[in-house]
$ cat my_file-v1.txt   # compact mmCIF, C-alpha atoms
# COMPACT_ATOMS: atom_id res chain seq x y z
CA MET A 3 -13.31 -108.72 -37.40
CA SER A 4 -10.69 -110.35 -35.20
CA LEU A 5 -8.83 -108.07 -32.77
CA GLN A 6 -5.46 -108.94 -31.22
CA LYS A 7 -3.43 -106.99 -28.68
CA VAL A 8 0.21 -106.79 -29.78
CA THR A 9 3.38 -105.41 -28.21
CA PHE A 10 6.70 -104.60 -29.86
CA SER A 11 9.79 -102.57 -29.02
CA ASN A 12 10.84 -99.20 -30.37
CA LYS A 13 14.37 -98.08 -31.18
CA GLU A 14 15.05 -97.39 -27.50
CA GLY A 15 13.77 -100.78 -26.34
CA GLN A 16 10.52 -99.38 -24.92
CA HIS A 17 7.34 -101.40 -25.39
CA LEU A 18 4.76 -100.01 -27.76
CA VAL A 19 1.20 -101.36 -27.55
CA GLY A 20 -1.15 -101.77 -30.46
CA ARG A 21 -4.19 -103.57 -31.80
CA LEU A 22 -4.00 -105.74 -34.91
CA GLU A 23 -7.39 -105.96 -36.61
CA LEU A 24 -7.91 -108.87 -39.01
CA PRO A 25 -10.77 -109.54 -41.46
CA ALA A 26 -13.56 -111.73 -40.12
CA ASP A 27 -14.11 -113.84 -43.21
CA GLN A 28 -10.76 -114.26 -44.97
CA HIS A 29 -7.01 -114.17 -44.62
CA PRO A 30 -5.81 -110.56 -45.11
CA HIS A 31 -4.57 -109.82 -48.61
CA ASN A 32 -2.42 -106.90 -47.34
CA TYR A 33 -1.22 -105.48 -44.03
CA ALA A 34 -1.53 -101.77 -43.25
CA ILE A 35 -0.20 -99.56 -40.44
CA PHE A 36 -2.18 -96.58 -39.13
CA ALA A 37 -0.38 -93.56 -37.63
CA HIS A 38 -2.63 -91.51 -35.33
CA CYS A 39 -2.71 -87.72 -35.01
CA PHE A 40 -0.55 -85.52 -32.76
CA THR A 41 -1.14 -86.37 -29.04
CA CYS A 42 -3.98 -88.74 -30.00
CA THR A 43 -3.98 -92.52 -29.44
CA LYS A 44 -4.85 -95.67 -31.37
CA ASN A 45 -8.30 -95.61 -29.75
CA LEU A 46 -9.55 -92.42 -31.37
CA VAL A 47 -13.02 -93.27 -32.71
CA ALA A 48 -12.10 -92.16 -36.24
CA VAL A 49 -9.07 -94.48 -36.23
CA LYS A 50 -11.27 -97.41 -35.21
CA ASN A 51 -13.89 -96.64 -37.87
CA ILE A 52 -11.32 -96.33 -40.65
CA SER A 53 -9.66 -99.57 -39.55
CA LYS A 54 -12.99 -101.42 -39.52
CA ALA A 55 -13.75 -100.25 -43.05
CA LEU A 56 -10.36 -101.53 -44.19
CA THR A 57 -10.73 -104.93 -42.49
CA SER A 58 -14.17 -105.35 -44.04
CA ASN A 59 -12.37 -105.02 -47.38
CA GLY A 60 -9.80 -107.70 -46.57
CA PHE A 61 -6.96 -105.61 -45.08
CA ALA A 62 -5.26 -106.29 -41.75
CA VAL A 63 -4.61 -103.04 -39.86
CA LEU A 64 -2.10 -102.39 -37.07
CA ARG A 65 -2.94 -99.27 -35.06
CA PHE A 66 -0.63 -98.51 -32.14
CA ASP A 67 0.23 -95.78 -29.64
CA PHE A 68 3.34 -93.76 -30.38
CA THR A 69 5.98 -93.65 -27.63
CA GLY A 70 4.73 -91.91 -24.49
CA LEU A 71 1.06 -92.00 -25.47
CA GLY A 72 -1.83 -94.33 -24.61
CA GLU A 73 -0.63 -97.72 -23.42
CA SER A 74 2.89 -97.40 -24.82
CA GLU A 75 5.94 -96.90 -22.64
CA GLY A 76 8.14 -93.80 -22.65
CA ASP A 77 7.84 -90.13 -21.72
CA PHE A 78 6.05 -88.02 -24.31
CA ALA A 79 8.23 -85.03 -23.35
CA ASP A 80 11.29 -86.91 -24.60
CA THR A 81 9.74 -87.79 -27.97
CA ASN A 82 9.76 -85.92 -31.27
CA PHE A 83 8.64 -86.26 -34.87
CA SER A 84 11.72 -88.29 -35.81
CA GLY A 85 10.83 -90.71 -33.02
CA ASN A 86 7.34 -91.16 -34.51
CA VAL A 87 8.91 -92.11 -37.81
CA ASP A 88 11.20 -94.57 -36.02
CA ASP A 89 8.15 -96.07 -34.26
CA LEU A 90 6.51 -96.69 -37.65
CA VAL A 91 9.64 -98.43 -38.91
CA ALA A 92 9.64 -100.59 -35.75
CA ALA A 93 5.98 -101.45 -36.34
CA ALA A 94 6.76 -102.50 -39.92
CA ASP A 95 9.65 -104.68 -38.70
CA PHE A 96 7.32 -106.30 -36.16
CA LEU A 97 4.73 -107.15 -38.82
CA GLY A 98 7.39 -108.46 -41.19
CA GLU A 99 8.85 -110.74 -38.53
CA ASN A 100 5.57 -112.05 -37.10
CA TYR A 101 2.93 -111.72 -39.85
CA GLU A 102 3.57 -110.11 -43.24
CA ALA A 103 5.45 -106.93 -44.13
CA PRO A 104 3.11 -103.96 -44.52
CA THR A 105 2.30 -102.69 -48.01
CA LEU A 106 0.11 -99.73 -47.01
CA LEU A 107 0.74 -96.82 -44.60
CA ILE A 108 -2.08 -94.52 -43.48
CA GLY A 109 -1.54 -91.39 -41.41
CA HIS A 110 -3.88 -88.85 -39.81
CA SER A 111 -2.78 -85.23 -39.25
CA LEU A 112 0.88 -85.21 -38.10
CA GLY A 113 0.74 -89.00 -38.49
CA GLY A 114 0.12 -88.31 -42.19
CA ALA A 115 3.41 -86.45 -42.44
CA ALA A 116 5.11 -89.25 -40.50
CA VAL A 117 3.96 -91.99 -42.88
CA ILE A 118 5.42 -90.14 -45.87
CA PHE A 119 8.82 -90.04 -44.14
CA ALA A 120 8.48 -93.66 -42.95
CA ALA A 121 7.46 -94.93 -46.40
CA ALA A 122 10.83 -93.78 -47.69
CA GLU A 123 12.50 -96.16 -45.20
CA ILE A 124 10.18 -99.20 -45.47
CA ASN A 125 10.81 -101.08 -48.71
CA SER A 126 7.69 -103.25 -48.46
CA VAL A 127 5.35 -100.25 -48.54
CA LYS A 128 3.74 -99.86 -51.97
CA ALA A 129 1.14 -97.14 -51.24
CA VAL A 130 0.62 -94.26 -48.80
CA ALA A 131 -2.56 -92.43 -47.72
CA THR A 132 -2.73 -89.21 -45.67
CA ILE A 133 -5.74 -87.64 -43.94
CA GLY A 134 -5.67 -83.96 -42.96
CA ALA A 135 -1.88 -83.95 -43.01
CA PRO A 136 0.28 -80.79 -42.68
CA SER A 137 2.54 -80.05 -45.63
CA ASN A 138 5.44 -79.65 -43.21
CA PRO A 139 5.81 -81.02 -39.67
CA VAL A 140 6.82 -77.54 -38.44
CA HIS A 141 3.13 -76.64 -38.92
CA VAL A 142 2.55 -78.17 -35.47
CA LYS A 143 4.30 -75.14 -33.92
CA HIS A 144 1.11 -73.10 -34.25
CA LEU A 145 -0.56 -75.54 -31.83
CA LEU A 146 2.20 -74.79 -29.34
CA LYS A 147 2.06 -70.99 -29.64
CA SER A 148 0.93 -70.56 -26.05
CA GLY A 149 4.22 -72.01 -24.86
CA LEU A 150 6.72 -71.27 -27.63
CA GLU A 151 8.29 -68.29 -25.86
CA GLU A 152 8.71 -70.31 -22.67
CA ILE A 153 10.15 -73.24 -24.61
CA GLU A 154 12.73 -70.94 -26.24
CA ALA A 155 13.57 -69.28 -22.92
CA THR A 156 13.68 -72.28 -20.57
CA GLY A 157 13.96 -75.28 -22.87
CA GLU A 158 10.48 -76.65 -22.11
CA ALA A 159 6.88 -75.72 -21.33
CA VAL A 160 3.57 -77.34 -20.43
CA VAL A 161 1.14 -76.85 -23.29
CA ASN A 162 -2.59 -77.62 -23.22
CA LEU A 163 -3.67 -79.59 -26.29
CA SER A 164 -7.28 -80.74 -26.71
CA GLY A 165 -7.92 -80.30 -23.01
CA ARG A 166 -4.83 -82.20 -21.85
CA ASP A 167 -1.48 -80.91 -20.62
CA PHE A 168 1.70 -82.08 -22.35
CA LYS A 169 5.29 -81.15 -21.59
CA ILE A 170 7.04 -80.04 -24.78
CA LYS A 171 10.83 -79.66 -24.89
CA LYS A 172 12.92 -77.50 -27.19
CA GLN A 173 14.35 -80.59 -28.92
CA PHE A 174 10.84 -81.39 -30.17
CA VAL A 175 10.49 -77.98 -31.82
CA ASP A 176 14.03 -78.09 -33.20
CA ASP A 177 13.44 -81.56 -34.68
CA LEU A 178 10.37 -80.32 -36.58
CA ALA A 179 12.45 -77.63 -38.24
CA THR A 180 14.83 -80.22 -39.72
CA LYS A 181 12.10 -82.07 -41.66
CA SER A 182 11.15 -81.02 -45.18
CA LEU A 183 8.07 -82.96 -46.21
CA PRO A 184 7.85 -81.53 -49.76
CA GLU A 185 11.35 -82.80 -50.52
CA THR A 186 10.56 -86.22 -49.06
CA ALA A 187 7.22 -86.43 -50.92
CA LYS A 188 8.95 -85.49 -54.17
CA ALA A 189 11.51 -88.27 -53.75
CA LEU A 190 9.03 -90.88 -52.53
CA ARG A 191 7.90 -92.19 -55.95
CA LYS A 192 5.14 -94.35 -54.40
CA PRO A 193 1.38 -94.00 -55.05
CA LEU A 194 0.03 -91.31 -52.74
CA LEU A 195 -3.57 -90.55 -51.73
CA ILE A 196 -4.18 -87.16 -50.09
CA MET A 197 -7.50 -86.70 -48.28
CA HIS A 198 -8.38 -83.35 -46.72
CA SER A 199 -11.43 -81.34 -45.72
CA PRO A 200 -11.86 -77.81 -47.13
CA GLN A 201 -13.42 -76.93 -43.76
CA ASP A 202 -10.43 -78.19 -41.71
CA ASP A 203 -9.65 -75.31 -39.32
CA THR A 204 -6.75 -77.14 -37.64
CA VAL A 205 -4.71 -77.99 -40.73
CA GLY A 206 -5.84 -75.82 -43.63
CA ILE A 207 -6.68 -77.23 -47.06
CA LYS A 208 -3.65 -75.37 -48.49
CA ASN A 209 -1.49 -78.08 -46.93
CA ALA A 210 -3.07 -80.73 -49.16
CA GLU A 211 -2.31 -78.63 -52.22
CA GLU A 212 1.35 -78.25 -51.24
CA ILE A 213 1.78 -82.00 -50.70
CA TYR A 214 0.02 -82.75 -53.99
CA VAL A 215 2.18 -80.33 -55.97
CA ALA A 216 5.39 -81.71 -54.44
CA ALA A 217 4.57 -85.39 -55.05
CA HIS A 218 5.02 -87.27 -58.31
CA HIS A 219 2.30 -89.27 -60.04
CA PRO A 220 0.54 -91.53 -59.34
CA LYS A 221 -1.05 -89.18 -56.83
CA SER A 222 -4.70 -88.61 -55.97
CA PHE A 223 -6.69 -86.05 -53.99
CA VAL A 224 -10.09 -86.65 -52.39
CA SER A 225 -12.00 -83.82 -50.76
CA LEU A 226 -13.60 -84.62 -47.40
CA ASP A 227 -16.17 -81.88 -47.81
CA GLY A 228 -17.94 -81.02 -44.57
CA ALA A 229 -15.67 -83.09 -42.32
CA ASP A 230 -13.83 -81.73 -39.28
CA HIS A 231 -10.13 -82.36 -38.67
CA LEU A 232 -10.65 -85.29 -36.28
CA LEU A 233 -13.45 -86.88 -38.34
CA PHE A 234 -15.82 -87.02 -35.39
CA ASN A 235 -18.72 -87.86 -37.71
CA LYS A 236 -18.83 -91.65 -38.10
CA GLU A 237 -19.99 -91.37 -41.71
CA ASP A 238 -16.89 -89.31 -42.56
CA SER A 239 -14.42 -91.77 -41.04
CA ARG A 240 -16.14 -94.79 -42.55
CA TYR A 241 -16.08 -93.05 -45.93
CA VAL A 242 -12.35 -92.43 -45.56
CA GLY A 243 -11.75 -96.13 -44.88
CA GLU A 244 -13.83 -97.25 -47.86
CA VAL A 245 -12.10 -94.82 -50.23
CA ILE A 246 -8.63 -95.84 -49.06
CA SER A 247 -9.57 -99.51 -49.51
CA GLY A 248 -10.77 -99.02 -53.06
CA TRP A 249 -7.86 -96.76 -54.03
CA ALA A 250 -5.15 -99.00 -52.53
CA LYS A 251 -6.40 -102.12 -54.33
CA ARG A 252 -5.33 -100.51 -57.60
CA TYR A 253 -1.70 -100.59 -56.47
CA LEU A 254 -1.50 -103.62 -54.17
CA PRO A 255 -1.63 -107.38 -54.85
CA VAL A 256 -5.12 -108.19 -53.63
CA GLY A 257 -6.11 -111.39 -55.40
CA GLU A 258 -9.60 -112.86 -55.40
CA ARG A 259 -11.30 -113.94 -52.18
CA VAL A 260 -12.78 -116.81 -54.17
CA ASP A 261 -11.22 -118.01 -57.43
CA PRO A 262 -13.61 -116.86 -60.20
CA SER A 263 -12.03 -119.35 -62.59
CA LEU A 264 -13.83 -122.26 -60.92
CA ARG A 265 -15.70 -124.09 -63.66
CA THR A 266 -18.25 -126.89 -63.54
CA LYS A 267 -21.11 -128.29 -65.58
CA HIS A 268 -22.90 -129.05 -62.30
CA GLN A 269 -24.96 -126.74 -60.13
CA VAL A 270 -22.38 -126.62 -57.32
CA MET A 271 -18.61 -127.06 -57.15
CA ALA A 272 -16.34 -127.16 -54.09
CA SER A 273 -12.53 -126.92 -54.21
CA LEU A 274 -10.13 -127.31 -51.27
CA ALA A 275 -6.33 -127.21 -51.38
CA ALA A 276 -4.32 -129.16 -48.80
CA SER A 277 -2.85 -125.93 -47.44
CA ASP A 278 -6.21 -124.25 -46.80
CA GLY A 279 -7.41 -126.27 -43.81
CA PHE A 280 -11.21 -126.35 -44.06
CA THR A 281 -11.60 -123.06 -45.98
CA THR A 282 -13.35 -124.25 -49.14
CA GLN A 283 -13.91 -122.28 -52.34
CA MET A 284 -17.31 -122.83 -53.87
CA LYS A 285 -19.19 -122.00 -57.05
CA VAL A 286 -22.91 -122.18 -56.37
CA GLY A 287 -24.86 -121.56 -59.54
CA ASN A 288 -23.40 -118.31 -60.88
CA HIS A 289 -22.24 -117.21 -57.42
CA TYR A 290 -18.96 -117.62 -55.55
CA LEU A 291 -18.56 -118.07 -51.81
CA LEU A 292 -16.50 -119.71 -49.08
CA ALA A 293 -17.46 -122.59 -46.81
CA ASP A 294 -15.54 -123.39 -43.63
CA GLU A 295 -15.71 -124.89 -40.16
CA PRO A 296 -15.74 -122.89 -36.91
CA GLU A 297 -12.46 -122.22 -35.11
CA SER A 298 -13.50 -124.67 -32.38
CA PHE A 299 -13.37 -127.41 -34.99
CA GLY A 300 -10.04 -126.33 -36.43
CA GLY A 301 -11.33 -124.05 -39.19
CA ASN A 302 -10.99 -120.31 -39.81
CA ASP A 303 -14.74 -119.58 -39.69
CA PHE A 304 -14.44 -117.65 -42.97
CA GLY A 305 -17.75 -119.02 -44.23
CA PRO A 306 -20.74 -121.16 -43.26
CA SER A 307 -20.20 -124.80 -42.33
CA PRO A 308 -21.63 -127.58 -44.54
CA TYR A 309 -24.61 -128.12 -42.24
CA GLU A 310 -25.20 -124.36 -42.03
CA LEU A 311 -25.39 -124.36 -45.82
CA VAL A 312 -27.98 -127.15 -45.69
CA SER A 313 -29.94 -125.20 -43.05
CA ALA A 314 -29.69 -122.11 -45.25
CA GLY A 315 -31.19 -124.03 -48.14
CA LEU A 316 -34.10 -125.17 -45.97
CA SER A 317 -34.71 -121.64 -44.65
CA ALA A 318 -34.55 -120.01 -48.09
CA CYS A 319 -36.82 -122.62 -49.67
CA THR A 320 -39.33 -122.25 -46.84
CA VAL A 321 -39.73 -118.46 -47.15
CA MET A 322 -39.92 -118.64 -50.95
CA THR A 323 -42.56 -121.37 -50.90
CA VAL A 324 -44.72 -119.70 -48.27
CA GLN A 325 -44.57 -116.23 -49.89
CA MET A 326 -45.45 -117.71 -53.28
CA TYR A 327 -48.46 -119.48 -51.75
CA ALA A 328 -49.61 -116.39 -49.83
CA LYS A 329 -49.42 -114.19 -52.93
CA ARG A 330 -51.41 -116.74 -54.93
CA LYS A 331 -54.07 -116.73 -52.23
CA GLY A 332 -54.01 -112.94 -51.87
CA TRP A 333 -53.20 -113.18 -48.17
CA PRO A 334 -51.65 -110.14 -46.37
CA LEU A 335 -48.32 -111.78 -45.51
CA GLU A 336 -45.95 -108.79 -45.29
CA ASN A 337 -42.88 -110.75 -44.23
CA ILE A 338 -41.79 -114.21 -43.15
CA GLU A 339 -38.69 -115.08 -41.16
CA VAL A 340 -37.40 -118.64 -40.85
CA HIS A 341 -34.79 -119.41 -38.18
CA THR A 342 -33.15 -122.82 -38.56
CA SER A 343 -30.51 -124.76 -36.62
CA TYR A 344 -29.13 -128.26 -37.13
CA SER A 345 -28.12 -130.82 -34.53
CA LYS A 346 -28.17 -134.53 -33.80
CA THR A 347 -30.70 -135.22 -31.07
CA HIS A 348 -32.22 -138.28 -29.47
CA ALA A 349 -35.04 -139.62 -31.58
CA GLU A 350 -38.51 -139.39 -30.13
CA ASP A 351 -39.75 -142.37 -32.07
CA CYS A 352 -37.38 -144.93 -33.51
CA GLU A 353 -36.61 -148.62 -33.34
CA ASN A 354 -33.53 -148.17 -31.14
CA CYS A 355 -34.88 -145.63 -28.67
CA GLU A 356 -33.87 -147.88 -25.80
CA MET A 357 -30.23 -147.29 -26.79
CA ASP A 358 -28.66 -144.11 -25.35
CA SER A 359 -26.63 -143.67 -28.52
CA ALA A 360 -29.63 -143.49 -30.85
CA LYS A 361 -29.72 -140.02 -32.44
CA ILE A 362 -31.11 -138.65 -35.66
CA ASP A 363 -30.41 -135.54 -37.74
CA THR A 364 -32.72 -132.78 -36.55
CA PHE A 365 -33.47 -129.36 -38.01
CA HIS A 366 -35.08 -126.95 -35.55
CA ARG A 367 -37.12 -124.46 -37.57
CA GLU A 368 -38.95 -121.45 -36.12
CA ILE A 369 -41.20 -119.25 -38.29
CA LYS A 370 -42.23 -115.65 -37.68
CA LEU A 371 -45.10 -114.20 -39.73
CA THR A 372 -45.81 -110.48 -40.12
CA GLY A 373 -49.16 -109.38 -41.47
CA ASP A 374 -52.87 -109.31 -40.65
CA LEU A 375 -53.40 -113.07 -40.81
CA ASP A 376 -56.10 -115.03 -39.02
CA GLU A 377 -55.40 -118.25 -37.14
CA LYS A 378 -56.69 -120.43 -39.99
CA GLN A 379 -54.29 -118.78 -42.43
CA LYS A 380 -51.36 -119.17 -40.03
CA THR A 381 -52.14 -122.87 -39.57
CA ARG A 382 -52.26 -123.40 -43.33
CA ILE A 383 -48.95 -121.54 -43.79
CA LEU A 384 -47.27 -123.94 -41.34
CA GLN A 385 -48.58 -126.83 -43.40
CA ILE A 386 -47.23 -125.25 -46.59
CA ALA A 387 -43.84 -124.74 -44.94
CA ASP A 388 -43.60 -128.51 -44.50
CA LYS A 389 -44.22 -128.92 -48.21
CA CYS A 390 -41.33 -126.81 -49.48
CA PRO A 391 -39.14 -128.79 -51.92
CA VAL A 392 -36.02 -128.85 -49.75
CA HIS A 393 -38.08 -130.00 -46.77
CA LYS A 394 -39.47 -132.85 -48.89
CA THR A 395 -35.97 -133.77 -50.08
CA LEU A 396 -34.65 -133.98 -46.53
CA HIS A 397 -37.56 -136.24 -45.60
CA SER A 398 -37.40 -138.49 -48.65
CA GLU A 399 -35.10 -141.35 -49.51
CA THR A 400 -32.25 -139.90 -51.55
CA GLN A 401 -29.30 -141.30 -53.42
CA ILE A 402 -25.84 -139.89 -54.12
CA ILE A 403 -24.03 -141.33 -57.13
CA THR A 404 -20.30 -140.72 -57.02
CA LYS A 405 -17.63 -141.24 -59.68
CA LEU A 406 -14.10 -140.03 -60.38
CA ILE A 407 -13.52 -137.52 -63.20
CA HIS A 408 -10.30 -136.55 -64.90
$ encode --input "my_file-v1.txt" --output "structure tokens"
Amino acid sequence: MSLQKVTFSNKEGQHLVGRLELPADQHPHNYAIFAHCFTCTKNLVAVKNISKALTSNGFAVLRFDFTGLGESEGDFADTNFSGNVDDLVAAADFLGENYEAPTLLIGHSLGGAAVIFAAAEINSVKAVATIGAPSNPVHVKHLLKSGLEEIEATGEAVVNLSGRDFKIKKQFVDDLATKSLPETAKALRKPLLIMHSPQDDTVGIKNAEEIYVAAHHPKSFVSLDGADHLLFNKEDSRYVGEVISGWAKRYLPVGERVDPSLRTKHQVMASLAASDGFTTQMKVGNHYLLADEPESFGGNDFGPSPYELVSAGLSACTVMTVQMYAKRKGWPLENIEVHTSYSKTHAEDCENCEMDSAKIDTFHREIKLTGDLDEKQKTRILQIADKCPVHKTLHSETQIITKLIH
């Protein structure tokens, strides 16, 4: 995963701060925006876990702090639900101008209600997912009950939410009353995934039913049985991210990480387009993978480098050869690890050793053996390691015959 700090402006010109998470081993196939819960921030553990699950499935995820929260500018007391929706639109504009327009919106709790409203205003969005969302924003009023009378009487009140004090103004409460989520969900006509826990004691499961009934197909409901509202259990939040990833791919243009149409009569094929830098698609036997160069060399680091692939072949061949030998001998070798690195180093014994520039290809291989082996067995295993086929190939004179094909 690659993490970038980003800043963009809201409707009022205030700076909102977010984190853009990118997949570690590929260009993102889709961009998503995550809307956090009421008075939360982008750094809620559940938000991070869900985002990581999405990036591991090829999505880029922008999570940011709404106006007046976390690192973002503005006074929370002057914000309202409509402002949250505007912040989501601003985030989508930012992605469209600097990366790619978002195709997926995800919202948690009140953020879930916000993404349904925002999706109606963001044309690029093709799918929406909610987690523990209220069926109407006015539901939040029950969290403010300790200060509602004061808000009505004086126009504002300080309300304690999750152990923190927040100033809430009457305009916030009034704004909630103007928003009808069922009507918006009914008119949305975009694929909708509703996730909710039957044990949610903050936003009851009835809310999920009301959203589901109001929305048109395609719509889906997934029960988060046993989860709490804030998804404090890591397994719950990771599960949410994995489910959203799998569900969204049905409605979004994902494409293949590696082109499965690669065909060859040979054992290995590599294909690289001019526009892909060093990121190379490969068919290795019946398997598909990417090869690349590290970022320091101008690559994307989406896959192993050519020499890492050679080192991998040596390591794999070594463990296979040794285990096969140990099993044939009936030796108690429980496990073998082979750690290999490649470099060019000065030769210890060569004709041009007097020249500072004389270097040879060197593979540094370290072997760890687990099992009740005596010293004689360990010595013999090291000898067998040097006899693995790939090791012999690297030591022998080889030839590469090249020709053009059409």
$ closest_residue --input "my_file-v1.txt" --among "A:Glu14, A:Asn32, A:Val286, A:Ser58" --to "A:Arg240" --atoms "only C-alpha atoms"
A:Ser58
$ residues_around --input "my_file-v1.txt" --residues "A:Phe365" --least-positions-apart "4" --cutoff "10 Å" --atoms "all atoms listed in the file" --output "list in words"
Tyr309, Val312, Ser313, Leu316, Thr342, Ser343, Tyr344, Ser345, Lys346, Thr347, His393 and Leu396 of chain A
$ atom_distance --input "my_file-v1.txt" --atom1 "atom CA of A:Gly301" --atom2 "atom CA of A:Asp278"
9.2 Å
$ residues_near_point --input "my_file-v1.txt" --point "(13.8, -84.3, -45.6)" --cutoff "12 Å" --atoms "all atoms listed in the file" --output "PyMOL selection string"
chain A and resi 84+115-116+118-120+122-123+138-139+177-190
$ residues_near_point --input "my_file-v1.txt" --point "(-18.2, -117.1, -58.1)" --cutoff "9 Å" --atoms "all atoms listed in the file" --output "list of chain:residue names"
A:Val260, A:Asp261, A:Pro262, A:Ser263, A:Leu264, A:Gln283, A:Met284, A:Lys285, A:Val286, A:Gly287, A:Asn288, A:His289, A:Tyr290, A:Leu291
$ axis_aligned_box --input "my_file-v1.txt" --around "stretch 121-140 of chain A" --padding-each-side "4 Å" --output "lines of an AutoDock Vina configuration file"
center_x = 3.4
center_y = -90.4
center_z = -45.2
size_x = 26.2
size_y = 33.7
size_z = 21.5
$ closest_residue --input "my_file-v1.txt" --among "A:Ser317, A:Phe10, A:Val242, A:Lys50" --to "A:Glu99" --atoms "only C-alpha atoms"
A:Phe10
$ decode --input "my_file-v1.txt" --residues "stretch 281-297 of chain A" --atoms "N, CA and C atoms" --output "PDB file, in the first residue's frame"
ATOM      1  N   THR A 281       6.647  -2.133 -16.020  1.00  0.00           N
ATOM      2  CA  THR A 281       5.664  -3.087 -15.508  1.00  0.00           C
ATOM      3  C   THR A 281       5.311  -4.093 -16.595  1.00  0.00           C
ATOM      4  N   THR A 282       5.809  -5.308 -16.452  1.00  0.00           N
ATOM      5  CA  THR A 282       5.762  -6.332 -17.489  1.00  0.00           C
ATOM      6  C   THR A 282       4.772  -7.439 -17.139  1.00  0.00           C
ATOM      7  N   GLN A 283       3.882  -7.743 -18.082  1.00  0.00           N
ATOM      8  CA  GLN A 283       2.958  -8.858 -17.897  1.00  0.00           C
ATOM      9  C   GLN A 283       3.648 -10.157 -18.299  1.00  0.00           C
ATOM     10  N   MET A 284       3.433 -11.179 -17.486  1.00  0.00           N
ATOM     11  CA  MET A 284       4.116 -12.445 -17.744  1.00  0.00           C
ATOM     12  C   MET A 284       3.165 -13.633 -17.620  1.00  0.00           C
ATOM     13  N   LYS A 285       3.396 -14.618 -18.472  1.00  0.00           N
ATOM     14  CA  LYS A 285       2.754 -15.919 -18.332  1.00  0.00           C
ATOM     15  C   LYS A 285       3.871 -16.912 -18.047  1.00  0.00           C
ATOM     16  N   VAL A 286       3.832 -17.503 -16.877  1.00  0.00           N
ATOM     17  CA  VAL A 286       4.875 -18.428 -16.436  1.00  0.00           C
ATOM     18  C   VAL A 286       4.216 -19.787 -16.233  1.00  0.00           C
ATOM     19  N   GLY A 287       4.437 -20.689 -17.162  1.00  0.00           N
ATOM     20  CA  GLY A 287       3.703 -21.940 -17.130  1.00  0.00           C
ATOM     21  C   GLY A 287       2.223 -21.651 -17.321  1.00  0.00           C
ATOM     22  N   ASN A 288       1.408 -22.095 -16.380  1.00  0.00           N
ATOM     23  CA  ASN A 288      -0.028 -21.809 -16.419  1.00  0.00           C
ATOM     24  C   ASN A 288      -0.406 -20.667 -15.477  1.00  0.00           C
ATOM     25  N   HIS A 289       0.581 -19.874 -15.069  1.00  0.00           N
ATOM     26  CA  HIS A 289       0.351 -18.832 -14.070  1.00  0.00           C
ATOM     27  C   HIS A 289       0.656 -17.453 -14.659  1.00  0.00           C
ATOM     28  N   TYR A 290      -0.054 -16.443 -14.125  1.00  0.00           N
ATOM     29  CA  TYR A 290       0.130 -15.077 -14.604  1.00  0.00           C
ATOM     30  C   TYR A 290       0.650 -14.212 -13.467  1.00  0.00           C
ATOM     31  N   LEU A 291       1.588 -13.325 -13.795  1.00  0.00           N
ATOM     32  CA  LEU A 291       2.144 -12.437 -12.782  1.00  0.00           C
ATOM     33  C   LEU A 291       2.750 -11.212 -13.438  1.00  0.00           C
ATOM     34  N   LEU A 292       3.149 -10.248 -12.611  1.00  0.00           N
ATOM     35  CA  LEU A 292       3.808  -9.040 -13.083  1.00  0.00           C
ATOM     36  C   LEU A 292       5.269  -9.049 -12.668  1.00  0.00           C
ATOM     37  N   ALA A 293       6.118  -8.517 -13.535  1.00  0.00           N
ATOM     38  CA  ALA A 293       7.511  -8.233 -13.187  1.00  0.00           C
ATOM     39  C   ALA A 293       7.696  -6.726 -13.312  1.00  0.00           C
ATOM     40  N   ASP A 294       8.645  -6.171 -12.584  1.00  0.00           N
ATOM     41  CA  ASP A 294       8.832  -4.714 -12.601  1.00  0.00           C
ATOM     42  C   ASP A 294      10.229  -4.393 -12.091  1.00  0.00           C
ATOM     43  N   GLU A 295      10.520  -3.122 -12.028  1.00  0.00           N
ATOM     44  CA  GLU A 295      11.746  -2.632 -11.396  1.00  0.00           C
ATOM     45  C   GLU A 295      11.340  -1.773 -10.201  1.00  0.00           C
ATOM     46  N   PRO A 296      12.214  -1.622  -9.219  1.00  0.00           N
ATOM     47  CA  PRO A 296      11.884  -0.777  -8.067  1.00  0.00           C
ATOM     48  C   PRO A 296      11.719   0.686  -8.474  1.00  0.00           C
ATOM     49  N   GLU A 297      11.051   1.454  -7.639  1.00  0.00           N
ATOM     50  CA  GLU A 297      10.821   2.869  -7.932  1.00  0.00           C
ATOM     51  C   GLU A 297      12.139   3.619  -8.092  1.00  0.00           C
TER      52      GLU A 297
END
